[in-house]
Amino acid sequence: MANYLLEIGLEEMPAHLVTPAINQLAERLSDFLNENRLNFDLIRKFSTPRRLAVLVEGLAESSEAMDEEVKGPSAKIAKDEEGNWSKAIQGFSRGQGLTPDDLVLKGDYYFANKHIAGVAAQEILAKVGAEVISKMQFKTYMKWGNNSFLFVRPIQWMVSLLDSEVVLFELLDVTAGNTTRGHRFLSNQEITIEKATDYAEVLKANFVMVDAGARKAEISKQIKEIAIENNWTVEFSDEKHVELLEEVNNLVEYPTAFVGSFDEKYLSVPEEVLVTSMRDNQRYFEVYTAEGKLAPHFISVRNGNAEGMENVILGNEKVLVARLEDAEFFWKEDQKLNITDLVKKLENVTFHAKIGSITEHMARTKKIAAHLADIAQLTETEKADVARAADIYKFDLLTGMVGEFDELQGVMGEKYALLAGENANVAAAIREHYMPVSAEGELPSTAVGSVLAAADKIDSILSFFSAGLIPSGSNDPYALRRAAQGLTRIIEKCNWHFNFTEFIATLDYANKEQVIDFLKGRVQKLLLDKKIRHDIVEATVAADTMDIASMMEVAPMLNDHKDDVQFKPDIENISRVVNLAKKAENTGTVVSELFENEVEQELYEVAELLKAQWFTLSAAEKYDLLVNKAVPAINNFFEKVMVMAEDEKVRSNRLALLSDLSSLTATMADFSLINTK
């Protein structure tokens, strides 16, 4: 068994592209080897801002040999009237590298039996440049020189090494070899890799930690050591800091952490502003005292060793102070502004050229929020807070602080609202209406904030769809998928049960049917992300009532029962009711006097019981009623009753009874779509 090293040396990549790029390279190489029947044990990944590398361990010396049988033309067309081989059979055999006489007749068809010999690993790997590297895809590309070839960044060198032997291939004007390069500043020289498995150690000796996981662990270790030494605490676990650590890790090849400081006077600026300046703008880790207060210090990581660190620290402090000076200025100046004046100016700020101003967007949101407040059963005080928040919630867009630090939209709105005398509920809603800011981001924690956030997203989705600005494929410039996913998560968390189709029916927007389909698609994605079986998701989303909270509750519940012994027969019984009910036309009201069998009465009583309780029950309680009350009655009904009776009145009455049951189950899911085979 052999080991194969592939390294692509590049100009520095943006940090956010490094991890996706190395994952893609490893996946594409794995697929390439499998397609070529070249077996291997595992692929190890290495990455830095300047290089993407993989080490294939336990690689076979050649691909697996294979015997293949290929079906050819039928015997009827294999020969002409004189008994000569036809053009069809000659073309087939030629395509297989054989002659017609080599073919074997089996039944009515000719077959080509071929032995495909194994191919040496060296020969297969020589195609890596054309078949793997050149086919990689990125969100952003660069073109360099006069080449038409595009890649994430210009390729500077390539290493292609099978154990100790170079596997030659070319890409543009770069020829793969066995030389790599060390750290740009600490070991800027060509370095020969004698053996594929030496790669990581050779680079480490030249100030490059190519193992991204080990490099990240080293960064964490250094930061924690600094924190312990100074009796500080540093946050690592939340989403923002996980992303920060990942980004910093992909900015360096040889990390050295250091401490910088800033004047305590800047601590008078809100903590969120200081943290944004450090973490989001400068990629620094903020630090806290043992008492949990923000300290006038930060920890950063340089791409190099400790030499000349004093100048590095001074440079970083100087850059940060410039940001903090701006923040302090805007904080003082913004407090002189008046919310009413800012809201008035929003009339002149465009939400979108085809949709109107932000003021108009806020007015529509306010109407939607009023309806949602009723659904959410808010108190009169909370409803008043929703109305007030909807009147002003975008005012901070015109503040100096948000103009400079757009990441603080909502956050500064809350602070300025409190300073202006708004109550805590209104202020919190201004901050929370942006939530969630990512797929798994934090949701609003207040009822008023939840209503405003949902209303804002509903108007955004409806407005853009109404203007014909609808996401297609991967194109979603207005982040409507994120808005829809956030809306779904808010509705699920708050457990708001309402028919979304009916909710938007009275609103003045176009393309509302497309909005419903769009939202169903988001619900479906969220449910599939929860590893719920596909057919159960499909059945749930096909419910005839667009009750998002119900869908998010029903699908996981059904999925939890899918392995029950009685799940399949129970679903089959319910599905039979659904399928027969679909055949019913204008069945009308069930007439008990037309019952000819006691099991009809039994099923009727069960249906009436379900109707009386159905819309007050949870998904689990509905399912319990179905399988423990309805299914036994349904089973008896089908065993003893001929639904499609000759008497039209009796037949219609029985179908009406089944329709009553089906109309209830349809609010949960279309049970006929659940696979019971």
# chains A, B, ... in the order shown; residues from 1 in each chain; ligands from 1
call {"tool": "residues_around", "arguments": {"residues": "Leu168 in chain A", "least_positions_apart": "2", "cutoff": "9 Å", "atoms": "only C-alpha atoms", "output": "PyMOL selection string"}}
result
chain A and resi 122+125-126+160-161+166+170+175-177
call {"tool": "residues_around", "arguments": {"residues": "range 636-647 of chain A", "least_positions_apart": "4", "cutoff": "10 Å", "atoms": "only C-alpha atoms", "output": "VMD selection string"}}
result
chain A and resid 573 576 to 577 580 596 to 603 631 to 632 651 to 655 658
call {"tool": "atom_distance", "arguments": {"atom1": "CA of Asp456 in chain A", "atom2": "CA of Tyr478 in chain A"}}
result
13.6 Å
call {"tool": "select_by_dssp", "arguments": {"residues": "range 266-409 of chain A", "states": "alpha helix (DSSP H)", "output": "NGL selection string"}}
result
:A and (271-275 or 282 or 309-334 or 339-345 or 358-375 or 380-392 or 400-404)
call {"tool": "closest_atom_pairs", "arguments": {"of": "range 431-456 of chain A", "to": "range 366-380 of chain A", "cutoff": "9 Å", "atoms": "only C-alpha atoms", "output": "Markdown table"}}
result
| residue | atom | partner | partner_atom | distance |
| --- | --- | --- | --- | --- |
| A:Ala447 | CA | A:Leu378 | CA | 7.5 |
| A:Val448 | CA | A:Leu378 | CA | 8.0 |
| A:Val451 | CA | A:Ala369 | CA | 5.9 |
| A:Leu452 | CA | A:Ala369 | CA | 5.9 |
| A:Ala453 | CA | A:Ala369 | CA | 8.8 |
| A:Ala454 | CA | A:Ala369 | CA | 7.8 |
| A:Ala455 | CA | A:Ala369 | CA | 5.1 |
| A:Asp456 | CA | A:Ala369 | CA | 8.0 |
call {"tool": "residues_around", "arguments": {"residues": "Ala306 in chain A", "least_positions_apart": "3", "cutoff": "10 Å", "atoms": "only C-alpha atoms", "output": "PyMOL selection string"}}
result
chain A and resi 255-258+302-303+309-310+312
call {"tool": "select_by_dssp", "arguments": {"residues": "range 234-425 of chain A", "states": "strand (DSSP E or B)", "output": "ChimeraX atom specification"}}
result
/A:255-261,285-288,294-303,350-352,356-357
call {"tool": "residues_around", "arguments": {"residues": "Asp326 in chain A", "least_positions_apart": "6", "cutoff": "12 Å", "atoms": "only C-alpha atoms", "output": "PDB file with N, CA and C atoms, in the first residue's frame"}}
result
ATOM      1  N   TYR A 266     -12.724  54.480  27.088  1.00  0.00           N
ATOM      2  CA  TYR A 266     -13.632  53.968  26.061  1.00  0.00           C
ATOM      3  C   TYR A 266     -14.662  52.986  26.632  1.00  0.00           C
ATOM      4  N   VAL A 269     -18.401  53.702  26.426  1.00  0.00           N
ATOM      5  CA  VAL A 269     -19.176  53.346  25.230  1.00  0.00           C
ATOM      6  C   VAL A 269     -19.818  51.980  25.485  1.00  0.00           C
ATOM      7  N   VAL A 273     -20.687  47.809  21.336  1.00  0.00           N
ATOM      8  CA  VAL A 273     -19.932  48.571  20.339  1.00  0.00           C
ATOM      9  C   VAL A 273     -18.451  48.211  20.414  1.00  0.00           C
ATOM     10  N   LEU A 274     -17.929  48.141  21.635  1.00  0.00           N
ATOM     11  CA  LEU A 274     -16.510  47.808  21.813  1.00  0.00           C
ATOM     12  C   LEU A 274     -16.225  46.391  21.316  1.00  0.00           C
ATOM     13  N   SER A 277     -16.225  46.294  17.562  1.00  0.00           N
ATOM     14  CA  SER A 277     -14.980  46.868  17.036  1.00  0.00           C
ATOM     15  C   SER A 277     -13.839  45.870  17.125  1.00  0.00           C
ATOM     16  N   VAL A 319      -4.653  50.824  15.443  1.00  0.00           N
ATOM     17  CA  VAL A 319      -5.805  50.594  14.558  1.00  0.00           C
ATOM     18  C   VAL A 319      -7.098  50.549  15.369  1.00  0.00           C
ATOM     19  N   LEU A 320      -7.061  49.852  16.521  1.00  0.00           N
ATOM     20  CA  LEU A 320      -8.266  49.733  17.333  1.00  0.00           C
ATOM     21  C   LEU A 320      -8.688  51.079  17.910  1.00  0.00           C
ATOM     22  N   LYS A 332     -21.821  59.744  21.558  1.00  0.00           N
ATOM     23  CA  LYS A 332     -22.184  61.041  22.142  1.00  0.00           C
ATOM     24  C   LYS A 332     -23.109  61.831  21.219  1.00  0.00           C
ATOM     25  N   GLU A 333     -22.813  61.819  19.921  1.00  0.00           N
ATOM     26  CA  GLU A 333     -23.598  62.605  18.977  1.00  0.00           C
ATOM     27  C   GLU A 333     -25.010  62.039  18.790  1.00  0.00           C
ATOM     28  N   ASP A 334     -25.124  60.704  18.755  1.00  0.00           N
ATOM     29  CA  ASP A 334     -26.436  60.085  18.527  1.00  0.00           C
ATOM     30  C   ASP A 334     -27.419  60.391  19.651  1.00  0.00           C
ATOM     31  N   GLY A 400     -25.609  57.736  13.560  1.00  0.00           N
ATOM     32  CA  GLY A 400     -24.216  57.675  13.148  1.00  0.00           C
ATOM     33  C   GLY A 400     -23.574  56.344  13.478  1.00  0.00           C
ATOM     34  N   MET A 401     -23.924  55.779  14.645  1.00  0.00           N
ATOM     35  CA  MET A 401     -23.308  54.529  15.075  1.00  0.00           C
ATOM     36  C   MET A 401     -23.635  53.392  14.116  1.00  0.00           C
ATOM     37  N   VAL A 402     -24.904  53.262  13.745  1.00  0.00           N
ATOM     38  CA  VAL A 402     -25.303  52.181  12.836  1.00  0.00           C
ATOM     39  C   VAL A 402     -24.755  52.442  11.436  1.00  0.00           C
ATOM     40  N   GLY A 403     -24.635  53.737  11.065  1.00  0.00           N
ATOM     41  CA  GLY A 403     -24.025  54.056   9.787  1.00  0.00           C
ATOM     42  C   GLY A 403     -22.585  53.580   9.700  1.00  0.00           C
ATOM     43  N   GLU A 404     -21.887  53.618  10.836  1.00  0.00           N
ATOM     44  CA  GLU A 404     -20.493  53.189  10.885  1.00  0.00           C
ATOM     45  C   GLU A 404     -20.360  51.701  11.169  1.00  0.00           C
ATOM     46  N   PHE A 405     -21.223  51.194  12.053  1.00  0.00           N
ATOM     47  CA  PHE A 405     -21.182  49.779  12.451  1.00  0.00           C
ATOM     48  C   PHE A 405     -22.545  49.153  12.136  1.00  0.00           C
TER      49      PHE A 405
END
call {"tool": "closest_residue", "arguments": {"among": "A:Ala327, A:Ala555, A:Ile124, A:Ala363", "to": "Asp459 in chain A", "atoms": "only C-alpha atoms"}}
result
A:Ala363
call {"tool": "residues_around", "arguments": {"residues": "Leu29 in chain A", "least_positions_apart": "5", "cutoff": "9 Å", "atoms": "only C-alpha atoms", "output": "list of chain:residue names"}}
result
A:Gln24, A:Asn34, A:Ile43, A:Val54, A:Val128, A:Glu131, A:Val132, A:Ile133
